[in-house]
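With compact mmCIF, C-alpha atoms inside, this is target-v2.txt:
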```txt
# COMPACT_ATOMS: atom_id res chain seq x y z
CA MET A 280 0.00 0.00 0.00
CA LEU A 281 1.08 3.57 -0.75
CA SER A 282 0.65 6.12 2.03
CA VAL A 283 0.46 9.72 0.82
CA VAL A 284 1.34 12.37 3.42
CA ILE A 285 -0.24 15.76 2.75
CA PRO A 286 0.75 18.63 5.10
CA ALA A 287 -1.94 21.32 5.27
CA TYR A 288 -1.78 24.79 6.78
CA TYR A 289 -4.71 27.12 6.13
CA GLU A 290 -5.73 24.99 3.14
CA GLU A 291 -9.52 24.87 3.56
CA GLU A 292 -9.95 25.66 -0.13
CA THR A 293 -7.60 22.98 -1.43
CA VAL A 294 -8.23 19.99 0.88
CA PRO A 295 -11.37 18.74 -0.94
CA ALA A 296 -9.72 19.12 -4.35
CA ALA A 297 -6.53 17.40 -3.17
CA ALA A 298 -8.41 14.46 -1.65
CA GLN A 299 -10.52 14.00 -4.77
CA ARG A 300 -7.73 14.50 -7.30
CA ILE A 301 -5.02 12.39 -5.63
CA GLY A 302 -7.49 9.65 -4.73
CA ALA A 303 -8.85 9.50 -8.29
CA VAL A 304 -5.38 9.29 -9.84
CA LEU A 305 -4.29 6.42 -7.56
CA THR A 306 -7.60 4.58 -7.86
CA GLN A 307 -7.49 4.76 -11.65
CA ALA A 308 -3.95 3.36 -11.56
CA GLN A 309 -5.19 0.56 -9.26
CA ILE A 310 -2.71 1.46 -6.54
CA PRO A 311 -3.90 0.61 -3.00
CA HIS A 312 -3.45 3.76 -0.98
CA GLU A 313 -4.28 5.92 2.00
CA LEU A 314 -4.22 9.72 2.17
CA ILE A 315 -2.97 11.25 5.41
CA PHE A 316 -3.73 14.94 5.82
CA VAL A 317 -1.80 16.66 8.62
CA ASP A 318 -3.36 19.92 9.80
CA ASP A 319 -0.48 22.03 11.10
CA GLY A 320 -2.53 24.08 13.57
CA SER A 321 -4.73 25.90 11.04
CA LYS A 322 -7.32 28.30 12.48
CA ASP A 323 -9.65 28.18 9.49
CA ALA A 324 -11.88 25.31 8.34
CA THR A 325 -9.00 23.09 7.19
CA TRP A 326 -9.66 20.43 9.85
CA ALA A 327 -13.41 20.41 9.13
CA ARG A 328 -12.63 19.83 5.45
CA ILE A 329 -10.29 16.95 6.36
CA GLN A 330 -12.95 15.37 8.58
CA ALA A 331 -15.50 15.67 5.79
CA ALA A 332 -13.08 14.06 3.33
CA ALA A 333 -12.47 11.20 5.79
CA VAL A 334 -16.22 10.59 6.09
CA ALA A 335 -16.67 10.61 2.31
CA ASP A 336 -13.64 8.40 1.55
CA ALA A 337 -12.46 5.56 3.79
CA SER A 338 -8.91 5.89 2.43
CA VAL A 339 -8.57 9.42 3.92
CA ARG A 340 -7.20 9.93 7.41
CA GLY A 341 -6.42 13.09 9.32
CA VAL A 342 -4.02 14.24 12.03
CA ARG A 343 -4.46 17.59 13.74
CA PHE A 344 -1.76 19.42 15.74
CA SER A 345 -2.55 21.30 18.94
CA ARG A 346 -0.86 24.35 17.38
CA ASN A 347 1.39 25.26 14.48
CA PHE A 348 4.64 23.25 14.64
CA GLY A 349 5.85 23.80 11.08
CA LYS A 350 5.88 21.86 7.83
CA GLU A 351 8.79 19.60 8.84
CA ALA A 352 6.89 18.46 11.94
CA ALA A 353 3.79 17.84 9.81
CA ILE A 354 5.79 15.65 7.43
CA PHE A 355 7.30 13.64 10.29
CA ALA A 356 3.85 13.18 11.85
CA GLY A 357 2.57 11.87 8.54
CA LEU A 358 5.49 9.46 8.27
CA GLN A 359 4.82 8.28 11.83
CA HIS A 360 1.14 7.58 11.12
CA ALA A 361 1.67 6.03 7.68
CA LYS A 362 0.91 2.31 7.37
CA GLY A 363 2.05 1.68 3.80
CA GLU A 364 5.07 -0.23 2.53
CA CYS A 365 6.05 3.03 0.83
CA VAL A 366 5.25 6.64 1.69
CA ALA A 367 4.98 9.70 -0.57
CA VAL A 368 4.91 13.35 0.47
CA ILE A 369 3.02 15.89 -1.64
CA ASP A 370 1.81 19.47 -1.15
CA CYS A 371 -1.87 20.08 -0.49
CA ASP A 372 -2.05 22.96 -2.98
CA LEU A 373 -1.50 20.55 -5.90
CA GLN A 374 1.54 22.40 -7.18
CA HIS A 375 3.08 18.93 -7.18
CA PRO A 376 1.31 16.98 -9.97
CA PRO A 377 -0.50 13.95 -8.45
CA GLU A 378 -0.02 12.01 -11.73
CA LYS A 379 3.68 11.73 -10.91
CA LEU A 380 2.79 9.59 -7.86
CA VAL A 381 1.95 6.76 -10.26
CA GLU A 382 5.34 7.04 -11.95
CA MET A 383 7.07 7.12 -8.55
CA TYR A 384 5.17 4.05 -7.37
CA ARG A 385 6.09 2.07 -10.51
CA LEU A 386 9.76 2.92 -9.95
CA TRP A 387 9.43 1.76 -6.35
CA GLU A 388 7.99 -1.55 -7.63
CA GLN A 389 11.15 -1.87 -9.73
CA GLY A 390 13.27 -1.79 -6.58
CA TYR A 391 14.09 1.88 -6.02
CA GLU A 392 13.91 2.81 -2.34
CA ILE A 393 13.80 6.60 -2.71
CA VAL A 394 12.23 8.36 -5.67
CA GLU A 395 13.04 12.06 -5.67
CA GLY A 396 10.76 14.60 -7.31
CA VAL A 397 13.03 17.21 -8.93
CA LYS A 398 11.84 20.51 -10.35
CA ALA A 399 12.17 21.02 -14.09
CA ASP A 400 11.46 24.68 -13.34
CA ARG A 401 10.62 26.76 -10.26
CA GLY A 402 7.32 28.11 -11.58
CA GLN A 403 6.30 31.74 -11.09
CA GLU A 404 8.96 33.15 -8.74
CA SER A 405 10.55 36.57 -8.46
CA ALA A 406 14.22 37.12 -9.33
CA VAL A 407 15.01 37.81 -5.65
CA HIS A 408 13.33 34.57 -4.56
CA ARG A 409 15.23 32.59 -7.19
CA LEU A 410 18.54 34.14 -6.08
CA CYS A 411 17.89 33.37 -2.41
CA ALA A 412 16.82 29.82 -3.27
CA LYS A 413 20.01 29.31 -5.29
CA LEU A 414 22.18 30.51 -2.39
CA PHE A 415 20.28 28.32 0.09
CA TYR A 416 20.57 25.15 -1.99
CA SER A 417 24.22 25.86 -2.70
CA LEU A 418 24.97 25.79 1.04
CA ILE A 419 22.85 22.68 1.63
CA SER A 420 24.43 20.89 -1.35
CA ARG A 421 27.89 21.56 0.09
CA ALA A 422 26.79 20.14 3.45
CA THR A 423 25.17 16.97 2.07
CA LYS A 424 27.63 16.46 -0.83
CA ILE A 425 24.48 15.96 -2.92
CA ASP A 426 23.12 18.28 -5.60
CA MET A 427 19.92 19.70 -4.10
CA SER A 428 19.48 22.62 -6.51
CA ARG A 429 16.21 21.13 -7.79
CA ALA A 430 15.19 19.27 -4.63
CA SER A 431 11.71 19.39 -3.13
CA ASP A 432 9.59 17.67 -0.47
CA PHE A 433 7.78 15.82 -3.26
CA LYS A 434 9.17 12.29 -3.08
CA LEU A 435 8.43 8.65 -2.36
CA LEU A 436 10.29 6.58 0.23
CA ASP A 437 10.40 2.87 0.92
CA ARG A 438 9.37 1.76 4.41
CA LYS A 439 13.03 0.99 5.14
CA ALA A 440 14.03 4.62 4.50
CA VAL A 441 11.02 5.94 6.44
CA ASN A 442 11.96 3.89 9.50
CA VAL A 443 15.53 5.19 9.40
CA ILE A 444 14.38 8.81 9.17
CA LEU A 445 11.97 8.32 12.08
CA THR A 446 14.85 7.17 14.31
CA MET A 447 16.51 10.58 13.95
CA ARG A 448 15.63 12.51 17.09
CA GLU A 449 16.75 16.05 16.23
CA LYS A 450 13.92 18.56 16.63
CA ARG A 451 15.06 20.85 13.80
CA ALA A 452 15.17 18.12 11.20
CA PHE A 453 15.23 19.11 7.52
CA PHE A 454 13.28 16.39 5.72
CA ARG A 455 14.29 17.46 2.22
CA ALA A 456 17.98 17.00 3.05
CA LEU A 457 17.66 14.01 5.39
CA SER A 458 15.81 11.95 2.78
CA SER A 459 18.78 12.46 0.45
CA TRP A 460 21.40 12.01 3.17
CA VAL A 461 20.19 8.54 4.23
CA GLY A 462 21.25 7.07 0.89
CA PHE A 463 19.57 3.85 -0.37
CA ARG A 464 18.86 3.13 -4.02
CA THR A 465 17.64 6.42 -5.47
CA CYS A 466 16.23 7.71 -8.75
CA GLU A 467 14.62 10.95 -9.90
CA VAL A 468 11.33 11.98 -11.46
CA SER A 469 11.19 15.41 -13.10
CA TYR A 470 8.08 17.58 -12.79
CA GLU A 471 6.95 21.12 -13.52
CA VAL A 472 5.65 23.24 -10.65
CA ARG A 473 1.99 24.08 -11.24
CA GLU A 474 -0.15 26.99 -10.10
CA ARG A 475 -1.98 26.57 -6.79
CA ALA A 476 -5.36 24.86 -7.10
CA ALA A 477 -6.91 27.60 -4.95
CA GLY A 478 -6.06 30.18 -2.33
CA SER A 479 -2.67 31.79 -1.85
CA SER A 480 0.65 30.74 -0.37
CA LYS A 481 1.08 31.29 3.39
CA TRP A 482 4.84 31.61 2.99
CA SER A 483 5.90 35.24 3.36
CA THR A 484 9.41 36.39 2.41
CA TRP A 485 10.35 36.65 6.09
CA SER A 486 9.02 33.16 6.90
CA LEU A 487 11.03 31.74 3.98
CA VAL A 488 14.18 33.45 5.29
CA LYS A 489 13.61 32.02 8.78
CA TYR A 490 12.92 28.59 7.27
CA ALA A 491 16.17 28.72 5.31
CA VAL A 492 18.26 29.89 8.28
CA SER A 493 16.73 27.24 10.55
CA ASN A 494 17.38 24.42 8.09
CA ILE A 495 20.92 25.52 7.23
CA THR A 496 21.94 25.68 10.89
CA ALA A 497 20.12 22.41 11.60
CA PHE A 498 21.95 20.49 8.91
CA THR A 499 25.37 22.07 8.51
CA SER A 500 28.06 23.87 10.53
CA VAL A 501 29.14 26.00 7.55
CA PRO A 502 28.01 29.28 9.21
CA LEU A 503 30.30 28.52 12.16
CA HIS A 504 33.20 28.11 9.77
CA LEU A 505 32.31 31.51 8.31
CA VAL A 506 33.08 33.00 11.72
CA THR A 507 36.65 31.75 11.34
CA VAL A 508 36.84 33.08 7.78
CA MET A 509 35.63 36.50 8.91
CA GLY A 510 38.17 36.46 11.74
CA VAL A 511 40.99 35.75 9.28
CA LEU A 512 39.69 38.51 6.98
CA ALA A 513 39.65 40.98 9.87
CA LEU A 514 43.20 39.95 10.80
CA ILE A 515 44.44 40.54 7.24
CA VAL A 516 42.80 43.96 7.09
CA SER A 517 44.25 44.85 10.49
CA VAL A 518 47.77 43.79 9.48
CA VAL A 519 47.59 45.77 6.22
CA MET A 520 46.30 48.87 7.97
CA GLY A 521 48.92 48.44 10.69
CA VAL A 522 51.78 48.24 8.17
CA ILE A 523 50.47 51.35 6.37
CA ALA A 524 50.29 53.25 9.66
CA ILE A 525 53.86 52.26 10.66
CA VAL A 526 55.26 53.22 7.25
CA GLN A 527 53.50 56.59 7.39
CA LYS A 528 54.82 57.16 10.90
CA ILE A 529 58.42 56.40 9.87
CA MET A 530 58.13 58.67 6.82
CA GLY A 531 56.69 61.45 8.94
CA VAL A 532 53.51 61.72 6.91
CA ALA A 533 51.15 60.09 9.36
CA LEU A 534 47.75 61.74 9.51
CA GLY A 535 45.46 62.10 12.44
CA GLY A 536 43.62 59.02 11.22
CA PHE A 537 40.32 59.71 12.97
CA THR A 538 38.22 58.51 10.02
CA THR A 539 40.37 55.39 9.58
CA VAL A 540 40.06 54.51 13.25
CA ILE A 541 36.27 54.92 13.17
CA ILE A 542 35.96 52.75 10.04
CA LEU A 543 38.15 50.03 11.56
CA LEU A 544 36.18 50.09 14.80
CA LEU A 545 32.88 49.80 12.95
CA PHE A 546 34.26 47.02 10.73
CA LEU A 547 35.67 44.96 13.58
CA GLY A 548 32.64 45.62 15.77
CA SER A 549 30.31 44.42 13.01
CA LEU A 550 32.32 41.24 12.49
CA ILE A 551 32.29 40.54 16.23
CA MET A 552 28.53 41.03 16.52
CA ILE A 553 27.82 38.92 13.43
CA SER A 554 30.07 36.16 14.76
CA LEU A 555 28.41 36.25 18.17
CA GLY A 556 25.01 36.12 16.47
CA ILE A 557 25.94 33.01 14.48
CA ILE A 558 27.41 31.28 17.52
CA GLY A 559 24.39 32.31 19.59
CA TYR A 560 22.03 30.79 17.02
CA TYR A 561 23.80 27.44 17.29
CA VAL A 562 23.79 27.66 21.10
CA GLY A 563 20.03 28.31 20.86
CA ASN A 564 19.64 25.18 18.72
CA ILE A 565 21.56 23.16 21.31
CA TYR A 566 19.29 24.57 24.02
CA GLU A 567 16.20 23.49 22.07
CA GLU A 568 17.60 20.00 21.52
CA ILE A 569 18.61 19.27 25.12
CA LYS A 570 15.13 20.17 26.38
CA ASP A 571 13.98 17.13 24.38
CA ARG A 572 10.43 18.38 23.91
CA PRO A 573 8.27 16.47 21.41
CA ARG A 574 8.58 17.48 17.78
CA TYR A 575 4.79 17.95 17.64
CA ILE A 576 1.63 17.38 19.70
CA VAL A 577 -1.34 15.60 18.15
CA ALA A 578 -4.65 17.01 19.37
CA GLN A 579 -7.04 14.97 17.26
CA THR A 580 -7.21 12.32 14.56
CA CYS A 581 -9.93 11.16 12.17
CA GLY A 582 -10.45 8.32 9.74
CA ASP A 583 -9.56 4.66 10.04
CA GLU A 584 -7.16 4.21 12.96
CA THR A 585 -7.13 0.40 13.06
CA PRO A 586 -3.61 -1.13 13.09
```

Since I need it in another form, could you write the structure as structure tokens?
Amino acid sequence: MLSVVIPAYYEEETVPAAAQRIGAVLTQAQIPHELIFVDDGSKDATWARIQAAAVADASVRGVRFSRNFGKEAAIFAGLQHAKGECVAVIDCDLQHPPEKLVEMYRLWEQGYEIVEGVKADRGQESAVHRLCAKLFYSLISRATKIDMSRASDFKLLDRKAVNVILTMREKRAFFRALSSWVGFRTCEVSYEVRERAAGSSKWSTWSLVKYAVSNITAFTSVPLHLVTVMGVLALIVSVVMGVIAIVQKIMGVALGGFTTVIILLLFLGSLIMISLGIIGYYVGNIYEEIKDRPRYIVAQTCGDETP
């Protein structure tokens, strides 16, 4: 059986369409399946729509969080509740084409344990968003040693891979990178990002920046190494400026240097504050981890819950 995990956050308009469309595609392909919607603390009618879908279709199940825990937590909750021999993750807004689930499932039947959905294009995005995405995936690719420039959460995993991912206890887990990091026999399926079925994206520019920073620091120590690089850069600048000052002093042409001193102080002060900020962010992550709070809290479920 194929379990399809569908994170939903303020998706009251798309839940019925997603349940109908994904279910129809898999039924037509004669693939036994279950659809697991995970409501990530939505305050609109998302949960009511999921409950209605579960009543109308026995293959639909729902999990509701007590509050918003984030998309990564929703994906992990879906993986935890999935019963299938393989599990796929797809967006509720149908920007990921459901038809590709059939192709992924057939590849899984051929023995592939992870089938990655890779973007043929990034859809309608601004130039700034594309630039930020490129920088983000460049850092993540360096950390994982895997090209993630076209990576997405749209993928299918064998039960073996799902079980391994579920054993990872870090609270700030980055599913998109972890599913590539675990290895196993992998192949790719290319797809084009579609327009949303309804509604609008709940991802603001600021939330995307926070999401990127959180996932980079959760998966790689590259920013900490940047502190060392900045320290070396500051040392080089200081040595050069020091040599210039000594030469000017010996030649008797030394100036008062007030402006130079102010610029150096601002430069070094900025580097120190940036470095402390990066280190502090990692210390904050350590603090969150050692508290060992649950990754999410389930408030309610619906649909068939029999083992």

(message) Can you measure atom CA of A:Asp318 to atom CA of A:Leu435 for me? One decimal in Å is fine.
(response)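 Between atom CA of A:Asp318 and atom CA of A:Leu435 the gap works out to 20.3 Å.
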
(message) Using only C-alpha atoms, which protein or nucleic acid residues come within 12 Å of A:Ile301? Drop anything in the same chain fewer than 4 positions from it, and give the result as a PyMOL selection string.
(response) chain A and resi 281-285+293-297+305-308+310+312-316+336+338-339+367-373+375-381

(request) Rank nothing, just name the residue among A:Ala361, A:Leu512, A:Lys434, A:Gly349 nearest to A:Val397, using all atoms listed in the file. (result) A:Lys434

(request) Fewer than 2 positions away in the same chain doesn't count, so skip those; otherwise give me all residues within 12 Å of A:Ala331, counting only C-alpha atoms, as a list in words. (result)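 Neighbouring residues, sequence-local ones excluded: Glu291, Val294, Pro295, Ala298, Gln299, Phe316, Ala324, Thr325, Trp326, Ala327, Arg328, Ile329, Ala333, Val334, Ala335, Asp336, Ala337, Val339, Arg340, Gly341, Cys581 and Gly582 of chain A.
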
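One distance worth recording is that between atom CA of A:Phe546 and atom CA of A:Met530, which is 26.8 Å.
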
(request) Compile the contact shell of A:Arg343 as number ranges by chain: residues with an atom at most 7 Å away, counting all atoms listed in the file, same-chain residues fewer than 2 positions apart removed. (result) A: 317-320, 341, 345, 577-580

(message) Considering all atoms listed in the file, can you say which of A:Glu467, A:Val516, A:Gln359, A:Asp432 comes closest to A:Ile444?
(response)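 For A:Ile444, the nearest of the given residues is A:Gln359.
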
(request) Name the residues within 12 Å of (18.0, 9.9, -2.8), counting all atoms listed in the file in the file's coordinates, and put them as an MDAnalysis selection string. (result) chainID A and resid 391:397 423:427 430:437 440 454:468

(message) I need every residue sitting at most 9 Å from the point (4.2, 22.6, 10.8) (coordinates as in the file, all atoms listed in the file considered), written as a list of chain:residue names.
(response)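 The residues near that point, listed by chain and number, are A:Pro286, A:Ala287, A:Tyr288, A:Val317, A:Asp318, A:Asp319, A:Gly320, A:Phe344, A:Arg346, A:Asn347, A:Phe348, A:Gly349, A:Lys350, A:Glu351, A:Ala352, A:Ala353, A:Ile354, A:Tyr575.
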
(request) Go ahead and compute the interatomic distance for atom CA of A:Leu358 and atom CA of A:Ser321, in Å to one decimal. (result)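 Distance reported for this atom pair: 19.6 Å.
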
(request) Find, counting all atoms listed in the file, the residue in A:Lys439, A:Phe355, A:Leu547, A:Ile558 that gets nearest to A:Ile515. (result)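 The answer is A:Leu547, which sits nearest to A:Ile515.
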
(request) Tell me which protein, DNA and RNA residues are within 10 Å of A:Arg448, counting all atoms listed in the file, leaving out same-chain ones fewer than 2 positions away, and put them as a list in words. (result) Ile444, Leu445, Thr446, Lys450, Arg451, Ala452, Glu568, Asp571, Pro573 and Arg574 of chain A

(message) Under the rule that all atoms listed in the file are counted, which of A:Leu505, A:Ile553, A:Ile569, A:Val522 is the nearest residue to A:Glu449?
(response)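 Looking only at the distances to A:Glu449, the closest residue turns out to be A:Ile569.
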